[in-house]
$ cat run-v6.txt   # compact mmCIF, C-alpha atoms
# COMPACT_ATOMS: atom_id res chain seq x y z
CA MET A 232 59.89 103.89 88.28
CA THR A 233 58.64 100.61 89.62
CA ASP A 234 60.17 99.13 92.75
CA GLN A 235 61.84 96.36 90.73
CA LYS A 236 63.72 98.90 88.63
CA LYS A 237 64.99 100.82 91.63
CA LYS A 238 68.77 101.08 91.65
CA PRO A 239 70.62 99.30 94.45
CA LYS A 240 72.26 101.66 96.95
CA ALA A 241 75.73 101.57 98.50
CA VAL A 242 76.90 103.57 101.50
CA ILE A 243 80.64 104.27 101.27
CA VAL A 244 82.33 105.29 104.53
CA GLY A 245 85.47 107.30 103.78
CA GLY A 246 86.02 109.77 100.97
CA SER A 247 89.75 109.42 100.33
CA ILE A 248 91.17 107.80 97.15
CA ALA A 249 89.63 104.37 97.91
CA GLY A 250 86.23 105.90 98.62
CA VAL A 251 86.06 108.16 95.55
CA SER A 252 87.34 105.31 93.36
CA CYS A 253 84.55 103.03 94.64
CA ALA A 254 82.01 105.81 94.01
CA HIS A 255 83.09 105.80 90.35
CA THR A 256 83.04 102.03 89.87
CA LEU A 257 79.74 101.46 91.67
CA ILE A 258 78.00 104.19 89.67
CA LEU A 259 79.34 102.55 86.49
CA ALA A 260 77.93 99.24 87.79
CA GLY A 261 74.45 100.85 88.02
CA TRP A 262 74.37 101.63 91.75
CA ASP A 263 73.36 104.75 93.65
CA VAL A 264 76.01 105.80 96.15
CA VAL A 265 76.31 108.07 99.15
CA VAL A 266 79.73 108.82 100.67
CA VAL A 267 80.03 109.55 104.40
CA GLU A 268 83.18 111.59 105.07
CA LYS A 269 84.36 113.16 108.33
CA SER A 270 86.23 116.08 106.69
CA TYR A 271 84.16 119.24 106.50
CA ALA A 272 84.69 119.77 102.76
CA ALA A 273 86.66 118.61 99.75
CA PRO A 274 90.37 119.54 100.04
CA THR A 275 91.00 122.90 98.37
CA GLY A 276 93.65 125.62 98.39
CA SER A 277 96.74 124.45 100.24
CA PRO A 278 97.01 120.77 99.32
CA THR A 279 97.20 118.23 102.11
CA GLY A 280 99.00 114.92 101.91
CA ALA A 281 102.07 114.16 99.85
CA GLY A 282 103.30 112.35 96.75
CA LEU A 283 102.29 108.92 95.48
CA GLY A 284 103.12 106.66 92.54
CA LEU A 285 100.56 105.26 90.10
CA ASP A 286 101.28 102.10 88.13
CA PRO A 287 100.17 101.55 84.48
CA LEU A 288 97.01 99.62 85.42
CA ALA A 289 95.87 102.21 87.98
CA LEU A 290 96.50 104.98 85.42
CA LYS A 291 94.41 103.16 82.80
CA LEU A 292 91.56 102.54 85.26
CA ILE A 293 91.44 106.14 86.50
CA GLN A 294 91.47 107.41 82.91
CA SER A 295 88.44 105.22 82.18
CA TRP A 296 86.51 106.79 85.10
CA ILE A 297 87.16 110.49 84.51
CA LYS A 298 85.48 112.47 81.73
CA GLU A 299 88.73 113.88 80.31
CA PRO A 300 91.39 111.14 80.48
CA GLU A 301 94.18 113.46 79.31
CA LEU A 302 93.81 115.43 82.57
CA LEU A 303 95.55 112.59 84.43
CA ASN A 304 98.71 112.94 82.35
CA LYS A 305 98.58 116.70 82.82
CA ALA A 306 98.35 116.29 86.63
CA THR A 307 101.25 113.81 86.92
CA LEU A 308 104.92 113.42 86.02
CA PRO A 309 106.60 110.28 84.66
CA LEU A 310 108.42 107.86 86.97
CA THR A 311 110.08 105.73 84.31
CA ILE A 312 113.17 104.86 86.38
CA ASP A 313 113.39 103.04 89.73
CA GLN A 314 116.87 103.64 91.19
CA ASN A 315 118.48 102.61 94.49
CA ASP A 316 121.62 104.48 95.57
CA ALA A 317 123.95 103.77 98.47
CA ILE A 318 124.70 106.93 100.48
CA ASP A 319 127.86 107.37 102.56
CA GLY A 320 126.91 110.15 104.96
CA GLU A 321 130.43 110.60 106.31
CA LYS A 322 132.22 110.88 102.98
CA LYS A 323 129.19 112.62 101.39
CA VAL A 324 129.19 110.39 98.30
CA LYS A 325 126.65 108.12 96.62
CA TRP A 326 126.75 105.32 94.07
CA THR A 327 124.07 103.31 92.23
CA LEU A 328 123.12 99.83 93.46
CA THR A 329 120.21 99.04 91.11
CA ARG A 330 118.49 100.78 88.23
CA ASP A 331 115.34 99.79 86.36
CA GLU A 332 114.66 101.98 83.31
CA ASP A 333 111.37 100.29 82.49
CA PHE A 334 109.38 101.25 85.59
CA ASN A 335 106.55 103.05 83.72
CA CYS A 336 104.73 104.67 86.66
CA ARG A 337 103.68 108.28 87.18
CA ALA A 338 103.99 110.58 90.19
CA ALA A 339 101.01 112.49 91.58
CA HIS A 340 100.29 114.66 94.59
CA TRP A 341 97.52 113.12 96.73
CA ALA A 342 95.42 116.29 96.59
CA ASP A 343 95.73 116.59 92.79
CA LEU A 344 94.63 112.99 92.26
CA HIS A 345 91.79 113.29 94.75
CA ALA A 346 90.51 116.48 93.10
CA LEU A 347 90.62 114.83 89.67
CA LEU A 348 88.56 111.85 90.86
CA TYR A 349 86.18 113.88 93.02
CA ASN A 350 85.45 116.52 90.35
CA ALA A 351 84.56 113.78 87.84
CA LEU A 352 81.74 112.48 90.11
CA PRO A 353 78.12 113.69 89.97
CA PRO A 354 77.42 116.42 92.56
CA ASN A 355 75.86 115.85 96.00
CA LEU A 356 77.08 112.30 96.62
CA PHE A 357 79.12 113.31 99.68
CA LEU A 358 77.89 113.87 103.21
CA TRP A 359 80.76 116.10 104.34
CA GLY A 360 81.42 116.64 108.04
CA HIS A 361 79.77 113.37 109.08
CA HIS A 362 81.39 110.92 111.47
CA PHE A 363 80.52 107.24 111.05
CA LEU A 364 79.07 105.77 114.26
CA SER A 365 77.81 102.22 113.62
CA PHE A 366 76.09 99.84 111.25
CA THR A 367 73.56 97.04 111.58
CA VAL A 368 72.73 94.37 109.01
CA SER A 369 69.04 93.46 108.81
CA SER A 370 68.05 89.99 110.03
CA ASP A 371 67.23 88.83 106.48
CA LYS A 372 70.62 90.21 105.29
CA GLY A 373 68.69 92.27 102.76
CA SER A 374 69.93 95.68 103.86
CA VAL A 375 72.39 97.51 106.07
CA LYS A 376 71.63 100.57 108.21
CA VAL A 377 74.43 103.08 108.80
CA LYS A 378 74.39 105.68 111.59
CA ALA A 379 76.49 108.83 111.38
CA THR A 380 76.62 112.10 113.26
CA ALA A 381 76.95 115.58 111.76
CA HIS A 382 79.93 117.39 113.34
CA GLN A 383 78.32 120.81 113.39
CA THR A 384 74.85 119.95 114.69
CA ASN A 385 75.49 116.61 116.48
CA GLU A 386 72.39 115.38 114.67
CA ILE A 387 72.41 111.59 114.15
CA ILE A 388 71.34 110.45 110.70
CA GLU A 389 70.48 106.95 109.47
CA ILE A 390 71.09 105.74 105.92
CA VAL A 391 69.75 102.42 104.68
CA GLY A 392 71.48 100.73 101.76
CA ASP A 393 72.03 97.35 100.14
CA LEU A 394 75.79 97.43 100.74
CA LEU A 395 78.25 99.13 103.11
CA VAL A 396 81.69 99.79 101.62
CA ALA A 397 84.33 100.38 104.31
CA ALA A 398 86.89 102.76 102.81
CA ASP A 399 87.73 104.22 106.22
CA GLY A 400 91.46 103.67 106.07
CA CYS A 401 94.20 101.99 108.06
CA LEU A 402 92.46 102.64 111.40
CA SER A 403 89.09 101.38 110.10
CA SER A 404 86.44 101.12 112.82
CA ILE A 405 84.34 98.94 110.49
CA ARG A 406 87.21 96.44 110.20
CA GLN A 407 87.46 96.54 114.00
CA SER A 408 83.84 95.38 114.30
CA PHE A 409 84.59 92.51 111.84
CA VAL A 410 87.68 91.29 113.65
CA PRO A 411 87.86 92.89 117.11
CA ASP A 412 91.18 91.19 117.93
CA HIS A 413 92.92 92.32 114.74
CA LYS A 414 95.82 94.62 115.61
CA LEU A 415 97.99 96.87 113.53
CA ARG A 416 101.72 96.07 113.58
CA TYR A 417 104.14 98.94 114.17
CA SER A 418 107.09 98.64 111.79
CA GLY A 419 109.68 99.99 114.24
CA TYR A 420 110.12 103.24 112.32
CA CYS A 421 108.36 106.43 111.26
CA ALA A 422 108.79 108.60 108.19
CA TRP A 423 109.55 112.28 108.01
CA ARG A 424 107.71 113.52 104.94
CA GLY A 425 107.58 116.78 103.09
CA VAL A 426 106.90 118.48 99.79
CA LEU A 427 109.18 121.38 98.82
CA ASP A 428 107.40 123.91 96.62
CA PHE A 429 110.16 125.64 94.66
CA SER A 430 107.95 127.60 92.23
CA GLY A 431 109.63 130.94 91.61
CA ASN A 432 112.92 129.54 92.93
CA GLU A 433 113.85 127.24 90.06
CA ASN A 434 117.31 128.82 89.81
CA SER A 435 118.07 128.83 93.53
CA GLU A 436 121.26 127.23 94.83
CA THR A 437 119.16 124.46 96.44
CA ILE A 438 117.37 123.46 93.23
CA ILE A 439 120.45 123.73 91.01
CA GLY A 440 122.31 121.61 93.61
CA ILE A 441 119.66 118.89 93.91
CA ARG A 442 119.27 118.64 90.12
CA LYS A 443 123.04 118.24 89.78
CA ALA A 444 123.12 115.50 92.46
CA TYR A 445 119.93 113.84 91.11
CA PRO A 446 119.95 114.72 87.39
CA GLU A 447 116.91 112.62 86.45
CA LEU A 448 114.38 114.25 88.78
CA GLY A 449 111.17 114.53 86.79
CA LYS A 450 111.37 110.91 85.62
CA CYS A 451 113.22 108.96 88.33
CA LEU A 452 112.12 107.47 91.67
CA TYR A 453 115.28 107.79 93.80
CA PHE A 454 115.84 105.65 96.90
CA GLY A 455 118.82 106.56 99.07
CA LEU A 456 120.08 103.76 101.33
CA GLY A 457 122.18 104.77 104.31
CA SER A 458 123.19 102.91 107.43
CA GLY A 459 119.95 101.55 108.95
CA SER A 460 117.82 104.18 107.23
CA HIS A 461 116.63 105.19 103.79
CA THR A 462 115.11 108.07 101.85
CA VAL A 463 112.85 108.59 98.84
CA LEU A 464 112.99 111.53 96.44
CA TYR A 465 111.01 112.34 93.30
CA GLU A 466 109.55 115.35 91.52
CA LEU A 467 105.87 116.30 91.35
CA LEU A 468 104.10 118.57 88.90
CA ASN A 469 104.20 122.36 89.45
CA GLN A 470 107.75 122.67 90.78
CA ARG A 471 107.48 120.42 93.82
CA LEU A 472 109.85 117.83 95.27
CA ASN A 473 108.45 115.00 97.37
CA TRP A 474 110.84 113.52 99.94
CA ILE A 475 110.61 110.86 102.67
CA TRP A 476 113.13 109.85 105.35
CA TYR A 477 112.49 106.66 107.36
CA VAL A 478 113.77 106.84 110.95
CA HIS A 479 113.86 104.11 113.62
CA GLN A 480 112.03 105.17 116.77
CA PRO A 481 109.77 103.75 119.51
CA GLU A 482 106.09 103.42 118.67
CA PRO A 483 104.44 106.86 118.83
CA ASP A 484 101.24 107.63 120.71
CA LEU A 485 98.71 108.00 117.89
CA LYS A 486 96.60 111.04 118.65
CA ARG A 487 93.39 112.07 116.89
CA ASN A 488 93.04 108.62 115.33
CA SER A 489 95.56 109.54 112.65
CA MET A 490 98.77 108.04 111.28
CA THR A 491 100.27 111.50 110.70
CA THR A 492 101.50 113.99 113.26
CA LYS A 493 102.34 117.66 112.90
CA ALA A 494 105.89 118.31 114.04
CA GLY A 495 106.89 121.15 116.39
CA SER A 496 109.80 123.47 115.59
CA TYR A 497 112.07 121.79 118.18
CA MET A 498 111.51 118.35 116.57
CA ILE A 499 112.13 119.79 113.12
CA GLN A 500 115.40 121.45 114.21
CA ASN A 501 116.60 118.16 115.70
CA MET A 502 115.66 116.33 112.52
CA HIS A 503 117.68 118.86 110.47
CA LYS A 504 120.75 118.27 112.66
CA GLU A 505 120.46 114.48 112.31
CA ALA A 506 120.00 114.78 108.54
CA GLU A 507 123.24 116.73 108.23
CA LYS A 508 125.13 113.79 109.73
CA VAL A 509 123.82 111.08 107.41
CA TRP A 510 122.69 112.49 104.05
CA LEU A 511 124.16 114.46 101.16
CA PRO A 512 124.19 118.25 101.67
CA GLU A 513 122.05 118.78 98.53
CA PHE A 514 119.29 116.56 99.96
CA VAL A 515 119.58 118.15 103.42
CA ARG A 516 119.06 121.60 101.89
CA VAL A 517 115.79 120.40 100.33
CA ILE A 518 114.65 119.09 103.74
CA LYS A 519 115.58 122.35 105.48
CA GLU A 520 113.70 124.52 102.99
CA THR A 521 110.50 122.45 103.18
CA ARG A 522 107.68 124.11 105.10
CA ASP A 523 105.69 121.99 107.56
CA PRO A 524 107.31 118.56 107.25
CA PHE A 525 105.22 115.99 109.10
CA ILE A 526 105.69 112.59 110.73
CA ASN A 527 103.99 109.49 109.35
CA ALA A 528 103.91 106.44 111.65
CA ILE A 529 104.49 103.30 109.56
CA TYR A 530 102.14 100.41 110.27
CA ASP A 531 100.76 97.39 108.50
CA SER A 532 98.92 94.29 109.71
CA GLU A 533 98.84 90.56 109.23
CA PRO A 534 96.66 89.81 106.18
CA LEU A 535 92.97 89.32 107.00
CA GLU A 536 91.26 86.00 106.35
CA GLN A 537 88.17 87.69 104.92
CA ILE A 538 87.41 91.14 103.56
CA TYR A 539 83.63 90.93 103.46
CA ARG A 540 80.85 89.73 105.70
CA ASP A 541 77.11 89.84 104.96
CA ASN A 542 76.46 93.21 103.26
CA VAL A 543 79.75 94.83 104.34
CA VAL A 544 82.96 94.89 102.28
CA LEU A 545 86.40 96.32 103.04
CA VAL A 546 88.47 98.20 100.44
CA GLY A 547 91.80 100.05 100.38
CA ASP A 548 93.78 100.46 103.60
CA ALA A 549 90.77 99.24 105.60
CA ALA A 550 91.14 95.85 103.89
CA HIS A 551 94.94 95.67 103.84
CA PRO A 552 96.94 98.20 105.87
CA THR A 553 100.37 98.26 104.22
CA THR A 554 103.76 99.90 104.55
CA PRO A 555 104.53 102.28 101.66
CA HIS A 556 107.75 100.65 100.43
CA ALA A 557 106.46 99.17 97.23
CA VAL A 558 104.43 102.11 95.85
CA ARG A 559 101.33 99.99 96.43
CA SER A 560 98.80 101.59 98.76
CA THR A 561 97.02 103.83 96.22
CA ASN A 562 97.35 101.26 93.41
CA MET A 563 95.81 98.57 95.63
CA SER A 564 92.88 100.88 96.47
CA VAL A 565 92.23 101.72 92.81
CA LEU A 566 92.31 98.04 91.85
CA ASP A 567 90.04 97.05 94.77
CA ALA A 568 87.48 99.58 93.52
CA ALA A 569 87.71 98.37 89.91
CA VAL A 570 87.32 94.68 90.81
CA LEU A 571 84.47 95.36 93.28
CA GLY A 572 82.60 97.38 90.64
CA GLN A 573 82.97 94.64 88.01
CA CYS A 574 81.87 91.91 90.46
CA LEU A 575 78.74 93.88 91.43
CA LYS A 576 77.97 94.56 87.76
CA LYS A 577 78.43 90.88 86.86
CA TRP A 578 76.29 89.41 89.67
CA GLY A 579 73.74 92.16 90.40
CA VAL A 580 72.34 93.06 93.82
CA GLU A 581 70.21 89.90 93.88
CA ASN A 582 73.44 87.84 94.01
CA LEU A 583 75.33 90.20 96.32
CA GLN A 584 77.04 87.41 98.31
CA SER A 585 78.38 85.84 95.09
CA ALA A 586 79.70 89.25 93.98
CA LEU A 587 81.48 89.86 97.29
CA GLU A 588 82.82 86.31 97.37
CA GLU A 589 84.32 86.76 93.90
CA TYR A 590 85.79 90.17 94.86
CA GLN A 591 87.43 88.52 97.89
CA SER A 592 88.70 85.53 95.89
CA ILE A 593 90.36 87.84 93.34
CA ARG A 594 91.83 90.45 95.67
CA LEU A 595 92.67 88.72 98.97
CA PRO A 596 95.46 86.39 97.71
CA VAL A 597 97.05 89.30 95.83
CA VAL A 598 96.95 91.99 98.54
CA SER A 599 98.06 89.54 101.25
CA LYS A 600 101.25 88.73 99.35
CA GLN A 601 101.83 92.40 98.48
CA VAL A 602 101.51 93.57 102.09
CA LEU A 603 104.06 90.99 103.25
CA HIS A 604 106.43 91.82 100.37
CA ALA A 605 106.24 95.56 101.15
CA ARG A 606 107.02 94.73 104.80
CA ARG A 607 110.07 92.70 103.75
CA MET A 608 111.28 95.46 101.43
CA GLY A 609 111.00 98.02 104.24
CA ARG A 610 112.97 95.82 106.61
CA ILE A 611 115.73 95.29 104.03
CA LYS A 612 116.03 99.01 103.27
CA GLN A 613 116.01 99.91 106.98
CA GLY A 614 118.82 97.44 107.66
CA LEU A 615 116.65 95.24 109.90
CA VAL A 616 117.20 91.52 110.33
CA LEU A 617 115.06 89.01 108.43
CA PRO A 618 114.72 85.27 109.21
CA ASP A 619 116.36 84.22 105.93
CA ARG A 620 119.06 86.85 105.47
CA PRO A 621 121.41 89.09 107.44
CA SER A 622 120.69 92.80 107.66
CA PHE A 623 121.34 94.64 104.41
CA ASP A 624 124.38 96.94 104.32
CA PRO A 625 124.39 99.14 101.21
CA LYS A 626 128.14 99.77 101.54
CA THR A 627 129.07 96.08 101.25
CA ALA A 628 126.08 94.53 99.43
CA ASN A 629 126.83 92.39 96.38
CA SER A 630 124.79 92.53 93.17
CA GLU A 631 122.68 89.52 94.14
CA GLU A 632 121.67 91.11 97.45
CA CYS A 633 120.85 94.36 95.65
CA GLN A 634 118.47 92.63 93.23
CA GLU A 635 115.88 92.37 96.03
CA LEU A 636 115.57 96.16 95.99
CA HIS A 637 113.78 96.22 92.62
CA GLN A 638 110.16 97.42 92.81
CA ARG A 639 109.09 95.04 90.04
CA LEU A 640 109.77 92.00 92.25
CA MET A 641 106.49 92.81 94.00
CA PRO A 642 104.16 89.78 93.58
CA PHE A 643 101.53 90.40 90.85
CA PHE A 644 103.45 93.58 89.88
CA SER A 645 101.95 93.81 86.38
CA ASP A 646 99.07 91.37 86.82
CA VAL A 647 95.65 92.34 85.41
CA PRO A 648 92.68 90.46 86.98
CA ALA A 649 90.74 88.53 84.32
CA ILE A 650 87.46 90.24 85.34
CA LEU A 651 88.90 93.57 84.11
CA LEU A 652 89.93 92.27 80.68
$ encode --input "run-v6.txt" --output "C-alpha cells"
Amino acid sequence: MTDQKKKPKAVIVGGSIAGVSCAHTLILAGWDVVVVEKSYAAPTGSPTGAGLGLDPLALKLIQSWIKEPELLNKATLPLTIDQNDAIDGEKKVKWTLTRDEDFNCRAAHWADLHALLYNALPPNLFLWGHHFLSFTVSSDKGSVKVKATAHQTNEIIEIVGDLLVAADGCLSSIRQSFVPDHKLRYSGYCAWRGVLDFSGNENSETIIGIRKAYPELGKCLYFGLGSGSHTVLYELLNQRLNWIWYVHQPEPDLKRNSMTTKAGSYMIQNMHKEAEKVWLPEFVRVIKETRDPFINAIYDSEPLEQIYRDNVVLVGDAAHPTTPHAVRSTNMSVLDAAVLGQCLKKWGVENLQSALEEYQSIRLPVVSKQVLHARRMGRIKQGLVLPDRPSFDPKTANSEECQELHQRLMPFFSDVPAILL
C-alpha cells in the first residue's frame, strides 16, 4: 500500500457508549481507530450501570452499525408511553397528570447495549487498562500524539494519529485542557438508582403488587412526582425493573473521579426509611428488594462555545454534560458519533478542519438547547424555582402547567440532521 492510500487514524479516548459508537462510524468512514480505555476489560458477567432510553433515530443508527440489526430489538423493551403521575405519599395514592401514547422509544440496560455495540466491532481495537495522560498537536497541525499509561505495568505508550476523539465522559480531562475554567454545575440533587432482578420471582408479592400499581410496565416510562422529589420506573429485558429516585442534598465529594458512589448499608437503610414516608408501598418494596443500589450525583454544565480545536474533537458527555431528565444522554452520544462519521467521510482527512467545523455547526446548537431544556425539566420535577414560573406542585398543578412535563417538548426531539438523510 502506498503512503497516499494509507487510512487516516483516530485515537478515541473512552470506551463507553460514545466511544464504541464513534469506533463504528469512523470505521465506516474509512478510518483506522484505536480506543484507549481505563477499564481492565469489556464488562462481562454481572452487568454494571443501569437502564437507559433509546429514541427512534438512535435505534435506527445503531441497527445500521451492527451486523444483526434484529439483535437490538431482542435486547430492548418498548417504551411507547411517557406518563407523569402525581404521588401523595401521605394518603398513598397516585393520579395521572400527563400521558403520551406515541413516545416510540425502547428501554435498554447500559451493559446490554454496550456489549451489542462492542461485539459488532473488529477485534483488537481496544487498549484496555490504559489511562489517558496527555496529548500534543504537532506544530503543522498534521497529527496528534496521545500518551497513556498501562495500569498493570506503568509503562507509558505513545500513539500518533490524525485525530483525537474525546469520549472520556462528563469529567473529561481533554475538555479540561480545552477550557481550563469550564466548571460542572451541581444540580442540587443526587439520584438513588437501582435495577431489581426479579427472575425466578415473577409471582412474588412484590412483582404482583408493582404490576398492579403500574399495569403498563414493559411499555411505559413512569415518572412519579412527589413533593420536591420525583422517581422514574420502567421495565428492562430479562425480568428487571429500573428505578431512580431524585433526592435534594448538598454537593457530594466526588471520589475516584466518578459520578457514581457505592452506598453503605447504613445509607441504604436510611434511604429505605425515607422512601416509606413519601412513596407508594409497592414502589418502596421494589427499592427494598434491590441489591446494591447506588448514588448518582447529578451534574451538567453551561454549553460550550466550541467542541473541537485543531485535531481534537469532543463527543458525548465530554462535549455536553447533561442531566438525565429528558432521556437524552445516550441518544446525544449516538447522534454525535453518526454526524462526526458522516462529516469525516464527506470531507476526508485532507479537509479535517472543514469536517470538524461542520460537525460542530450541526451538533452544538442542538445539544446546547437540549442540555438547558433537560436542566429546566429537572428543576420543574424537583419542585425548584425557575425565573419564569413558580415551583411546580403536582398536587395543585393545572393542565397547562403539566404540559411542560412531556418528553417530546425537548428541542429537536425528532429532528434528523440533513447529513444523515
$ closest_residue --input "run-v6.txt" --among "A:Gly455, A:Pro481, A:Gly614, A:Gly360" --to "Asn315 in chain A" --atoms "only C-alpha atoms"
A:Gly455
$ atom_distance --input "run-v6.txt" --atom1 "CA of Pro446 in chain A" --atom2 "CA of Ser560 in chain A"
27.4 Å
$ residues_around --input "run-v6.txt" --residues "Leu603 in chain A" --least-positions-apart "2" --cutoff "10 Å" --atoms "all atoms listed in the file" --output "PyMOL selection string"
chain A and resi 531-534+553-554+598-601+605-609+641-642
$ atom_distance --input "run-v6.txt" --atom1 "CA of Val602 in chain A" --atom2 "CA of Ser418 in chain A"
12.3 Å
$ closest_residue --input "run-v6.txt" --among "A:Leu615, A:Cys633, A:Ala398, A:Val543" --to "Gln584 in chain A" --atoms "only C-alpha atoms"
A:Val543
$ closest_atom_pairs --input "run-v6.txt" --of "range 434-522 of chain A" --to "range 422-429 of chain A" --cutoff "9 Å" --atoms "all atoms listed in the file" --output "CSV"
residue,atom,partner,partner_atom,distance
A:Ser435,CA,A:Phe429,CA,8.6
A:Ile438,CA,A:Phe429,CA,7.7
A:Thr462,CA,A:Ala422,CA,9.0
A:Leu467,CA,A:Val426,CA,8.8
A:Asn469,CA,A:Asp428,CA,8.0
A:Gln470,CA,A:Phe429,CA,5.4
A:Arg471,CA,A:Asp428,CA,4.5
A:Leu472,CA,A:Leu427,CA,5.1
A:Asn473,CA,A:Val426,CA,4.5
A:Trp474,CA,A:Gly425,CA,5.6
A:Ile475,CA,A:Arg424,CA,4.5
A:Trp476,CA,A:Trp423,CA,5.1
A:Tyr477,CA,A:Ala422,CA,4.3
A:Val478,CA,A:Ala422,CA,6.0
A:His479,CA,A:Ala422,CA,8.7
A:Met502,CA,A:Trp423,CA,8.6
A:Val517,CA,A:Leu427,CA,6.9
A:Ile518,CA,A:Gly425,CA,7.5
A:Glu520,CA,A:Leu427,CA,6.9
A:Thr521,CA,A:Leu427,CA,4.7
A:Arg522,CA,A:Leu427,CA,7.0
$ atom_distance --input "run-v6.txt" --atom1 "CA of Ala339 in chain A" --atom2 "CA of Gln314 in chain A"
18.2 Å
$ axis_aligned_box --input "run-v6.txt" --around "range 606-614 of chain A" --padding-each-side "4 Å" --output "lines of an AutoDock Vina configuration file"
center_x = 112.9
center_y = 96.3
center_z = 104.5
size_x = 19.8
size_y = 15.2
size_z = 14.2
$ closest_residue --input "run-v6.txt" --among "A:Arg559, A:Lys378, A:Arg639, A:Lys372" --to "Asp333 in chain A" --atoms "only C-alpha atoms"
A:Arg639
$ closest_residue --input "run-v6.txt" --among "A:Gly457, A:Gly246, A:Gly284, A:Gly579" --to "Glu321 in chain A" --atoms "all atoms listed in the file"
A:Gly457
$ closest_residue --input "run-v6.txt" --among "A:Leu394, A:Ile258, A:Leu310, A:Ile526" --to "Leu545 in chain A" --atoms "all atoms listed in the file"
A:Leu394
$ closest_residue --input "run-v6.txt" --among "A:Val546, A:Leu328, A:Ala557, A:Leu485" --to "Leu571 in chain A" --atoms "all atoms listed in the file"
A:Val546
$ residues_around --input "run-v6.txt" --residues "Cys336 in chain A" --least-positions-apart "4" --cutoff "10 Å" --atoms "all atoms listed in the file" --output "JSON, numbers by chain"
{"A": [284, 285, 286, 287, 288, 289, 290, 307, 308, 309, 310, 311, 312, 313, 450, 451, 452, 558]}
$ residues_around --input "run-v6.txt" --residues "Leu587 in chain A" --least-positions-apart "3" --cutoff "9 Å" --atoms "all atoms listed in the file" --output "ChimeraX atom specification"
/A:538-544,571,574-575,582-584,590-592
$ residues_around --input "run-v6.txt" --residues "Gln500 in chain A" --least-positions-apart "3" --cutoff "12 Å" --atoms "only C-alpha atoms" --output "list in words"
Ala494, Gly495, Ser496, Tyr497, His503, Lys504, Glu505, Ala506, Glu507, Ile518, Lys519, Glu520, Asp523 and Pro524 of chain A
$ residues_around --input "run-v6.txt" --residues "Ile387 in chain A" --least-positions-apart "2" --cutoff "10 Å" --atoms "all atoms listed in the file" --output "number ranges by chain"
A: 361-364, 378-382, 384-385, 389
$ write_last_selection --input "run-v6.txt" --atoms "C-alpha atoms" --output "PDB file, in the coordinates of the input"
ATOM      1  CA  HIS A 361      79.770 113.370 109.080  1.00  0.00           C
ATOM      2  CA  HIS A 362      81.390 110.920 111.470  1.00  0.00           C
ATOM      3  CA  PHE A 363      80.520 107.240 111.050  1.00  0.00           C
ATOM      4  CA  LEU A 364      79.070 105.770 114.260  1.00  0.00           C
ATOM      5  CA  LYS A 378      74.390 105.680 111.590  1.00  0.00           C
ATOM      6  CA  ALA A 379      76.490 108.830 111.380  1.00  0.00           C
ATOM      7  CA  THR A 380      76.620 112.100 113.260  1.00  0.00           C
ATOM      8  CA  ALA A 381      76.950 115.580 111.760  1.00  0.00           C
ATOM      9  CA  HIS A 382      79.930 117.390 113.340  1.00  0.00           C
ATOM     10  CA  THR A 384      74.850 119.950 114.690  1.00  0.00           C
ATOM     11  CA  ASN A 385      75.490 116.610 116.480  1.00  0.00           C
ATOM     12  CA  GLU A 389      70.480 106.950 109.470  1.00  0.00           C
TER      13      GLU A 389
END
